[in-house]
$ cat protein-v3.tsv   # TSV, C-alpha atoms
chain	number	residue	atom	x	y	z
A	82	MET	CA	11.74	-18.04	-0.73
A	83	THR	CA	9.17	-20.58	-1.91
A	84	ILE	CA	6.89	-19.12	-4.58
A	85	ARG	CA	3.37	-18.47	-3.26
A	86	HIS	CA	0.82	-17.85	-5.97
A	87	PHE	CA	-2.45	-16.10	-5.09
A	88	LEU	CA	-4.89	-18.12	-7.20
A	89	LYS	CA	-7.72	-18.77	-4.73
A	90	LEU	CA	-8.36	-18.17	-1.05
A	91	ALA	CA	-8.46	-21.87	-0.20
A	92	ASP	CA	-4.68	-22.01	-0.76
A	93	PHE	CA	-4.10	-19.97	2.41
A	94	SER	CA	-4.61	-20.30	6.14
A	95	ALA	CA	-6.64	-17.89	8.25
A	96	ASP	CA	-3.40	-16.57	9.72
A	97	GLU	CA	-1.99	-15.82	6.26
A	98	LEU	CA	-5.15	-14.11	4.99
A	99	ASN	CA	-5.45	-12.04	8.16
A	100	HIS	CA	-1.81	-11.06	7.84
A	101	MET	CA	-2.42	-9.75	4.30
A	102	LEU	CA	-5.49	-7.86	5.48
A	103	ASP	CA	-3.66	-6.31	8.43
A	104	ARG	CA	-0.79	-5.31	6.16
A	105	ALA	CA	-3.23	-3.79	3.67
A	106	LEU	CA	-4.75	-1.67	6.44
A	107	TRP	CA	-1.30	-0.57	7.60
A	108	ILE	CA	-0.12	0.26	4.06
A	109	LYS	CA	-3.29	2.29	3.52
A	110	SER	CA	-2.66	4.19	6.76
A	111	GLN	CA	0.83	5.08	5.59
A	112	GLN	CA	-0.44	6.43	2.29
A	113	LYS	CA	-3.17	8.46	3.98
A	114	ALA	CA	-0.54	9.91	6.34
A	115	GLY	CA	1.68	10.84	3.39
A	116	THR	CA	4.42	8.46	4.54
A	117	PRO	CA	6.24	6.85	1.59
A	118	TYR	CA	6.43	3.05	1.61
A	119	GLU	CA	8.23	1.77	-1.48
A	120	PRO	CA	9.46	-1.82	-0.97
A	121	PHE	CA	9.10	-2.62	-4.70
A	122	ARG	CA	11.84	-0.33	-6.02
A	123	GLY	CA	13.47	-2.09	-8.98
A	124	LYS	CA	10.58	-4.59	-9.24
A	125	VAL	CA	8.31	-5.08	-12.26
A	126	LEU	CA	4.71	-6.27	-12.37
A	127	ALA	CA	3.31	-7.73	-15.61
A	128	MET	CA	-0.49	-7.51	-15.94
A	129	ILE	CA	-2.16	-9.78	-18.50
A	130	PHE	CA	-5.77	-9.04	-19.42
A	131	GLU	CA	-7.86	-11.49	-21.42
A	132	LYS	CA	-11.04	-9.86	-20.09
A	133	ALA	CA	-12.05	-6.20	-19.93
A	134	SER	CA	-11.21	-4.31	-16.76
A	135	THR	CA	-11.51	-0.94	-15.06
A	136	ARG	CA	-11.00	-1.38	-11.30
A	137	THR	CA	-8.59	-4.31	-11.59
A	138	ARG	CA	-6.25	-2.54	-13.99
A	139	VAL	CA	-6.26	0.82	-12.22
A	140	SER	CA	-5.89	-0.63	-8.72
A	141	PHE	CA	-3.05	-3.05	-9.52
A	142	GLU	CA	-1.20	-0.55	-11.69
A	143	ALA	CA	-1.55	2.38	-9.31
A	144	GLY	CA	-0.80	0.18	-6.31
A	145	PHE	CA	2.43	-1.22	-7.71
A	146	TYR	CA	3.61	2.24	-8.76
A	147	GLN	CA	2.82	3.62	-5.31
A	148	LEU	CA	4.92	0.85	-3.75
A	149	GLY	CA	7.86	1.94	-5.88
A	150	GLY	CA	7.72	-0.53	-8.77
A	151	ASN	CA	7.05	-0.43	-12.49
A	152	VAL	CA	4.24	-2.03	-14.50
A	153	ILE	CA	3.82	-3.62	-17.94
A	154	HIS	CA	0.28	-3.95	-19.32
A	155	LEU	CA	-0.49	-6.75	-21.79
A	156	THR	CA	-3.68	-7.92	-23.50
A	157	SER	CA	-4.28	-11.06	-25.52
A	158	GLN	CA	-4.99	-8.87	-28.56
A	159	GLY	CA	-1.73	-6.99	-28.18
A	160	SER	CA	0.52	-9.96	-27.44
A	161	GLN	CA	1.41	-13.35	-28.86
A	162	LEU	CA	-1.32	-14.89	-26.69
A	163	GLY	CA	-3.70	-13.56	-29.33
A	164	ARG	CA	-1.77	-15.45	-32.00
A	165	SER	CA	-2.05	-18.85	-30.32
A	166	GLU	CA	1.13	-18.88	-28.25
A	167	SER	CA	0.40	-21.30	-25.43
A	168	ILE	CA	-0.20	-20.04	-21.91
A	169	GLU	CA	2.64	-22.29	-20.75
A	170	ASP	CA	5.17	-20.78	-23.16
A	171	THR	CA	3.99	-17.29	-22.29
A	172	ALA	CA	4.63	-18.06	-18.62
A	173	ARG	CA	8.09	-19.43	-19.35
A	174	VAL	CA	9.07	-16.22	-21.13
A	175	ILE	CA	7.37	-13.46	-19.13
A	176	SER	CA	8.32	-14.85	-15.72
A	177	ARG	CA	12.02	-14.63	-16.65
A	178	MET	CA	11.66	-10.88	-17.19
A	179	VAL	CA	9.45	-9.65	-14.34
A	180	ASP	CA	9.02	-10.14	-10.60
A	181	LEU	CA	5.26	-10.63	-10.32
A	182	VAL	CA	2.38	-11.43	-12.71
A	183	MET	CA	-1.32	-10.59	-12.37
A	184	ILE	CA	-3.73	-12.30	-14.77
A	185	ARG	CA	-7.41	-11.61	-15.47
A	186	THR	CA	-8.66	-14.44	-17.64
A	187	PHE	CA	-11.39	-17.00	-18.35
A	188	GLY	CA	-11.13	-20.50	-16.87
A	189	GLN	CA	-9.21	-21.12	-13.66
A	190	ASP	CA	-7.33	-23.80	-15.59
A	191	ARG	CA	-5.56	-21.09	-17.60
A	192	ILE	CA	-4.12	-19.27	-14.62
A	193	GLU	CA	-3.19	-22.56	-12.97
A	194	ALA	CA	-1.36	-23.64	-16.12
A	195	PHE	CA	0.49	-20.31	-16.21
A	196	SER	CA	1.49	-20.61	-12.54
A	197	ARG	CA	2.92	-24.12	-13.03
A	198	TYR	CA	5.45	-22.75	-15.54
A	199	SER	CA	6.08	-19.38	-13.89
A	200	LYS	CA	9.30	-18.57	-12.05
A	201	VAL	CA	7.57	-15.75	-10.14
A	202	PRO	CA	4.35	-15.41	-8.11
A	203	VAL	CA	1.07	-15.18	-10.02
A	204	ILE	CA	-2.03	-13.34	-8.74
A	205	ASN	CA	-5.58	-14.08	-9.85
A	206	GLY	CA	-7.19	-10.81	-10.94
A	207	LEU	CA	-10.41	-12.70	-11.81
A	208	THR	CA	-11.34	-15.98	-13.45
A	209	ASP	CA	-14.69	-17.54	-14.29
A	210	GLU	CA	-14.54	-19.53	-11.06
A	211	TYR	CA	-12.97	-17.20	-8.48
A	212	HIS	CA	-12.43	-13.53	-7.66
A	213	PRO	CA	-10.23	-13.67	-4.53
A	214	VAL	CA	-8.81	-10.14	-4.66
A	215	GLN	CA	-12.34	-8.69	-4.58
A	216	ILE	CA	-13.36	-10.74	-1.55
A	217	MET	CA	-10.18	-9.72	0.28
A	218	THR	CA	-11.14	-6.14	-0.53
A	219	ASP	CA	-14.66	-6.60	0.82
A	220	ILE	CA	-13.41	-8.17	4.04
A	221	MET	CA	-10.88	-5.37	4.49
A	222	THR	CA	-13.69	-2.83	4.05
A	223	PHE	CA	-15.82	-4.66	6.60
A	224	MET	CA	-12.90	-4.64	9.06
A	225	GLU	CA	-12.53	-0.87	8.67
A	226	HIS	CA	-16.19	-0.28	9.50
A	227	ARG	CA	-17.10	-3.11	11.88
A	228	GLY	CA	-13.93	-4.92	13.01
A	229	SER	CA	-13.24	-8.62	12.58
A	230	ILE	CA	-15.55	-10.57	10.27
A	231	LYS	CA	-15.11	-13.74	12.35
A	232	GLY	CA	-18.45	-14.91	13.72
A	233	LYS	CA	-20.44	-12.47	11.57
A	234	ARG	CA	-23.22	-13.19	9.05
A	235	VAL	CA	-22.77	-12.31	5.38
A	236	ALA	CA	-25.65	-12.48	2.89
A	237	TRP	CA	-25.08	-13.00	-0.82
A	238	VAL	CA	-28.01	-12.25	-3.15
A	239	GLY	CA	-27.78	-13.25	-6.80
A	240	ASP	CA	-25.86	-15.49	-9.14
A	241	ALA	CA	-23.72	-18.51	-8.28
A	242	ASN	CA	-20.64	-16.88	-9.79
A	243	ASN	CA	-16.95	-16.33	-9.10
A	244	MET	CA	-17.75	-13.92	-6.28
A	245	SER	CA	-19.96	-16.42	-4.46
A	246	TYR	CA	-17.34	-19.19	-4.67
A	247	SER	CA	-14.63	-16.93	-3.24
A	248	TRP	CA	-17.04	-15.84	-0.49
A	249	LEU	CA	-17.60	-19.52	0.33
A	250	GLU	CA	-13.86	-20.12	0.62
A	251	ALA	CA	-13.45	-17.06	2.84
A	252	ALA	CA	-16.30	-18.12	5.13
A	253	LYS	CA	-14.78	-21.56	5.65
A	254	ILE	CA	-11.30	-20.20	6.39
A	255	LEU	CA	-12.10	-17.06	8.39
A	256	GLY	CA	-15.00	-18.39	10.43
A	257	PHE	CA	-18.10	-16.45	9.42
A	258	HIS	CA	-21.47	-17.66	8.12
A	259	LEU	CA	-22.48	-17.10	4.50
A	260	SER	CA	-26.15	-17.21	3.52
A	261	LEU	CA	-26.77	-17.31	-0.23
A	262	ALA	CA	-30.03	-16.46	-2.01
A	263	ILE	CA	-29.74	-18.00	-5.49
A	264	PRO	CA	-32.54	-18.47	-8.07
A	265	GLU	CA	-33.62	-21.89	-9.25
A	266	GLY	CA	-31.61	-22.99	-12.26
A	267	TYR	CA	-28.46	-21.15	-11.14
A	268	GLU	CA	-27.33	-23.55	-8.43
A	269	LEU	CA	-23.84	-23.68	-6.97
A	270	ASP	CA	-21.32	-26.04	-8.52
A	271	THR	CA	-20.58	-28.38	-5.61
A	272	SER	CA	-17.10	-29.12	-6.98
A	273	LEU	CA	-16.12	-25.50	-6.20
A	274	ILE	CA	-17.38	-25.50	-2.60
A	275	PRO	CA	-14.96	-26.31	0.26
A	276	GLU	CA	-15.80	-29.36	2.39
A	277	GLY	CA	-18.32	-28.96	5.16
A	278	THR	CA	-21.83	-27.52	5.40
A	279	ASP	CA	-21.82	-25.70	8.72
A	280	TYR	CA	-20.48	-22.39	7.39
A	281	TYR	CA	-23.10	-21.64	4.73
A	282	THR	CA	-26.77	-21.99	3.84
A	283	VAL	CA	-28.60	-21.67	0.51
A	284	THR	CA	-32.13	-20.38	0.02
A	285	ARG	CA	-34.40	-19.11	-2.75
A	286	ASP	CA	-35.59	-16.21	-0.56
A	287	PRO	CA	-33.47	-13.02	-0.35
A	288	ILE	CA	-35.35	-11.90	2.77
A	289	GLU	CA	-34.48	-15.16	4.52
A	290	ALA	CA	-30.85	-14.96	3.39
A	291	CYS	CA	-30.49	-11.41	4.73
A	292	LYS	CA	-32.12	-12.04	8.11
A	293	ASP	CA	-29.82	-10.68	10.85
A	294	ALA	CA	-26.97	-10.21	8.35
A	295	ASP	CA	-24.05	-7.94	9.23
A	296	LEU	CA	-23.23	-7.49	5.54
A	297	VAL	CA	-25.39	-7.74	2.41
A	298	THR	CA	-23.65	-8.01	-0.93
A	299	THR	CA	-24.58	-8.67	-4.54
A	300	ASP	CA	-23.37	-8.47	-8.14
A	301	VAL	CA	-24.81	-7.82	-11.58
A	302	TRP	CA	-27.36	-10.32	-12.84
A	303	THR	CA	-25.48	-10.86	-16.10
A	304	SER	CA	-21.75	-11.38	-15.64
A	305	MET	CA	-19.16	-11.12	-18.41
A	306	GLY	CA	-19.54	-14.00	-20.85
A	307	PHE	CA	-23.27	-14.45	-20.26
A	308	GLU	CA	-24.55	-11.51	-22.31
A	309	GLU	CA	-26.60	-13.77	-24.60
A	310	GLU	CA	-28.60	-14.87	-21.54
A	311	ASN	CA	-29.41	-11.29	-20.51
A	312	ALA	CA	-33.15	-11.31	-21.28
A	313	LYS	CA	-33.70	-14.63	-19.49
A	314	ARG	CA	-31.63	-13.53	-16.51
A	315	MET	CA	-33.60	-10.30	-16.18
A	316	ALA	CA	-36.72	-12.42	-15.69
A	317	ASP	CA	-35.16	-15.14	-13.53
A	318	PHE	CA	-33.50	-12.65	-11.14
A	319	ALA	CA	-36.39	-10.19	-10.91
A	320	ASP	CA	-37.13	-11.20	-7.30
A	321	TYR	CA	-33.46	-11.01	-6.30
A	322	GLN	CA	-33.06	-7.25	-6.15
A	323	VAL	CA	-31.45	-5.77	-3.04
A	324	ASN	CA	-33.92	-3.06	-2.08
A	325	ALA	CA	-35.09	-1.39	1.12
A	326	ARG	CA	-37.31	-4.35	2.03
A	327	VAL	CA	-34.42	-6.80	1.69
A	328	MET	CA	-32.04	-4.57	3.67
A	329	ALA	CA	-34.67	-4.23	6.42
A	330	ALA	CA	-34.30	-7.95	7.11
A	331	ALA	CA	-30.62	-7.46	7.96
A	332	LYS	CA	-29.32	-5.92	11.16
A	333	PRO	CA	-30.03	-2.18	11.49
A	334	ASP	CA	-26.34	-1.38	11.13
A	335	ALA	CA	-25.71	-3.86	8.31
A	336	LEU	CA	-23.41	-2.74	5.51
A	337	PHE	CA	-24.16	-3.02	1.80
A	338	MET	CA	-21.45	-3.85	-0.74
A	339	HIS	CA	-21.29	-4.31	-4.51
A	340	CYS	CA	-18.12	-5.12	-6.47
A	341	LEU	CA	-19.23	-2.80	-9.31
A	342	PRO	CA	-20.12	-1.90	-11.99
A	343	ALA	CA	-23.70	-1.65	-10.72
A	344	HIS	CA	-26.98	-1.46	-12.60
A	345	ARG	CA	-29.35	0.62	-10.49
A	346	GLY	CA	-32.90	-0.65	-10.80
A	347	GLU	CA	-31.76	-4.20	-11.52
A	348	GLU	CA	-29.74	-6.06	-8.86
A	349	VAL	CA	-29.87	-3.07	-6.48
A	350	THR	CA	-31.97	0.04	-6.09
A	351	ALA	CA	-30.48	3.52	-6.09
A	352	GLU	CA	-31.97	3.95	-2.60
A	353	VAL	CA	-29.69	1.19	-1.28
A	354	ILE	CA	-26.45	1.70	-3.20
A	355	ASP	CA	-26.54	5.46	-2.64
A	356	GLY	CA	-27.92	5.18	0.88
A	357	PRO	CA	-26.31	5.43	4.33
A	358	GLN	CA	-25.63	1.68	4.71
A	359	SER	CA	-23.69	1.49	1.45
A	360	VAL	CA	-19.90	1.42	1.61
A	361	VAL	CA	-19.34	0.66	-2.09
A	362	TRP	CA	-17.03	3.63	-2.68
A	363	ASP	CA	-14.81	2.70	0.26
A	364	GLU	CA	-14.92	-0.83	-1.12
A	365	ALA	CA	-13.92	0.36	-4.59
A	366	GLU	CA	-10.97	2.35	-3.21
A	367	ASN	CA	-9.85	-0.57	-1.11
A	368	ARG	CA	-9.13	-2.69	-4.18
A	369	LEU	CA	-5.98	-0.54	-4.34
A	370	HIS	CA	-4.98	-1.20	-0.75
A	371	ALA	CA	-6.06	-4.85	-0.35
A	372	GLN	CA	-4.06	-5.78	-3.42
A	373	LYS	CA	-1.01	-4.03	-2.02
A	374	GLY	CA	-1.19	-6.38	0.96
A	375	ILE	CA	-1.49	-9.37	-1.36
A	376	MET	CA	1.37	-8.24	-3.61
A	377	GLU	CA	3.62	-7.58	-0.62
A	378	PHE	CA	2.97	-11.10	0.68
A	379	CYS	CA	3.66	-12.68	-2.72
A	380	LEU	CA	6.89	-10.75	-3.26
A	381	LEU	CA	8.27	-10.34	0.26
A	382	GLY	CA	6.55	-12.99	2.36
A	383	LYS	CA	5.33	-12.18	5.88
A	384	VAL	CA	6.63	-8.67	6.54
$ encode --input "protein-v3.tsv" --output "structure tokens"
Amino acid sequence: MTIRHFLKLADFSADELNHMLDRALWIKSQQKAGTPYEPFRGKVLAMIFEKASTRTRVSFEAGFYQLGGNVIHLTSQGSQLGRSESIEDTARVISRMVDLVMIRTFGQDRIEAFSRYSKVPVINGLTDEYHPVQIMTDIMTFMEHRGSIKGKRVAWVGDANNMSYSWLEAAKILGFHLSLAIPEGYELDTSLIPEGTDYYTVTRDPIEACKDADLVTTDVWTSMGFEEENAKRMADFADYQVNARVMAAAKPDALFMHCLPAHRGEEVTAEVIDGPQSVVWDEAENRLHAQKGIMEFCLLGKV
């Protein structure tokens, strides 16, 4: 079978992404019913972390174990990557010993370099540019609560970060509209946006972005790697909090999501994240299940 890496959403068709999402929902249903599904018996997943992680590590590790496989956890500090072994040589070695690799790293160029020299599929657990497994999770969660996301309106409030670029890719492929509220000085990098302009809009006004939205989502104001900018970001993003007034602009039954960790009182109020429209805990759990669908596709193809 041809190796299919999961590096960004733009590498897949709508049919392929929907297949992974449908499989994720089915696999979740089997677990909830107590029905064993263990297609990964005898398989090994290597996880490489060059950035800190809670949800990514737990969800990939637990998910692969639940599907019958075994997991190896590596960090740059605890491996030869921390002693200047090249990413290419690391890929040459590790991919001869395992069946699947998940990497959480810095630039997208690093995971792409690894994948070029890997003999097995590679999954992007987060890079500076993209966070595709999180967006697949969010779409899966939306499907559980509201059905297909096709034709819907999604509002993004906050930074032009890896989440926003993966949302843009998903909107183009899956056929929904993305409205982004981004502060001045934090504009989108046009080189990371898929061709076309009909599937997204950009505004400075969170109220405008959230008008008639079916889903409102956000992220922390200061992402990993930007800690030195924290004080400036607190000021620049002060008007980009998702609060009751912002949610009121969306549809009455709009959902609220946050990839977590969240800072109540900054990018979102406690009233919203802990309120009835919030599905963040379903979303957090679904990292486990969405990634199972992705791993199954990478290892077994279209089941």
$ closest_atom_pairs --input "protein-v3.tsv" --of "stretch 85-202 of chain A" --to "stretch 233-254 of chain A" --cutoff "9 Å" --atoms "all atoms listed in the file" --output "CSV"
residue,atom,partner,partner_atom,distance
A:Lys89,CA,A:Ser247,CA,7.3
A:Leu90,CA,A:Glu250,CA,6.1
A:Ala91,CA,A:Glu250,CA,5.7
A:Phe93,CA,A:Ile254,CA,8.2
A:Ser94,CA,A:Ile254,CA,6.7
A:Ala95,CA,A:Ile254,CA,5.5
A:Leu98,CA,A:Ile254,CA,8.8
$ residues_near_point --input "protein-v3.tsv" --point "(1.9, -6.7, -16.6)" --cutoff "9 Å" --atoms "all atoms listed in the file" --output "PyMOL selection string"
chain A and resi 125-130+142+152-156+179+181-184
$ closest_residue --input "protein-v3.tsv" --among "A:Asp295, A:Asp355, A:Asp170, A:Asp103" --to "A:Phe257" --atoms "only C-alpha atoms"
A:Asp295
$ axis_aligned_box --input "protein-v3.tsv" --around "stretch 308-323 of chain A" --padding-each-side "4 Å" --output "lines of an AutoDock Vina configuration file"
center_x = -30.8
center_y = -10.5
center_z = -13.8
size_x = 20.6
size_y = 17.4
size_z = 29.6
$ closest_atom_pairs --input "protein-v3.tsv" --of "stretch 318-338 of chain A" --to "stretch 265-281 of chain A" --cutoff "12 Å" --atoms "all atoms listed in the file" --output "tab-separated table"
residue	atom	partner	partner_atom	distance
A:Phe318	CA	A:Glu265	CA	9.4
A:Asp320	CA	A:Glu265	CA	11.4
A:Tyr321	CA	A:Glu265	CA	11.3
$ atom_distance --input "protein-v3.tsv" --atom1 "atom CA of A:Phe145" --atom2 "atom CA of A:Gly306"
28.6 Å
$ closest_residue --input "protein-v3.tsv" --among "A:Thr186, A:Thr218, A:Thr284, A:Ser134" --to "A:Gly374" --atoms "only C-alpha atoms"
A:Thr218
$ atom_distance --input "protein-v3.tsv" --atom1 "atom CA of A:Val349" --atom2 "atom CA of A:Ala325"
9.4 Å
$ atom_distance --input "protein-v3.tsv" --atom1 "atom CA of A:Pro202" --atom2 "atom CA of A:Ser176"
8.6 Å
$ closest_residue --input "protein-v3.tsv" --among "A:Ala194, A:Ala294, A:Ile354, A:Ala105" --to "A:Ala330" --atoms "all atoms listed in the file"
A:Ala294
$ closest_residue --input "protein-v3.tsv" --among "A:Ala290, A:Thr135, A:Lys109, A:Leu162" --to "A:Asp363" --atoms "only C-alpha atoms"
A:Lys109
$ closest_residue --input "protein-v3.tsv" --among "A:His226, A:Ile220, A:Leu261, A:Gln372" --to "A:Ser359" --atoms "only C-alpha atoms"
A:His226
$ closest_residue --input "protein-v3.tsv" --among "A:His86, A:Lys383, A:Lys132, A:His339" --to "A:Tyr198" --atoms "only C-alpha atoms"
A:His86
$ residues_around --input "protein-v3.tsv" --residues "A:Leu381" --least-positions-apart "4" --cutoff "10 Å" --atoms "all atoms listed in the file" --output "list in words"
Met82, Pro120, Phe121, Ile375, Met376 and Glu377 of chain A
$ residues_around --input "protein-v3.tsv" --residues "A:Ile192" --least-positions-apart "6" --cutoff "9 Å" --atoms "all atoms listed in the file" --output "MDAnalysis selection string"
chainID A and resid 88 168 184:186 203:205 208
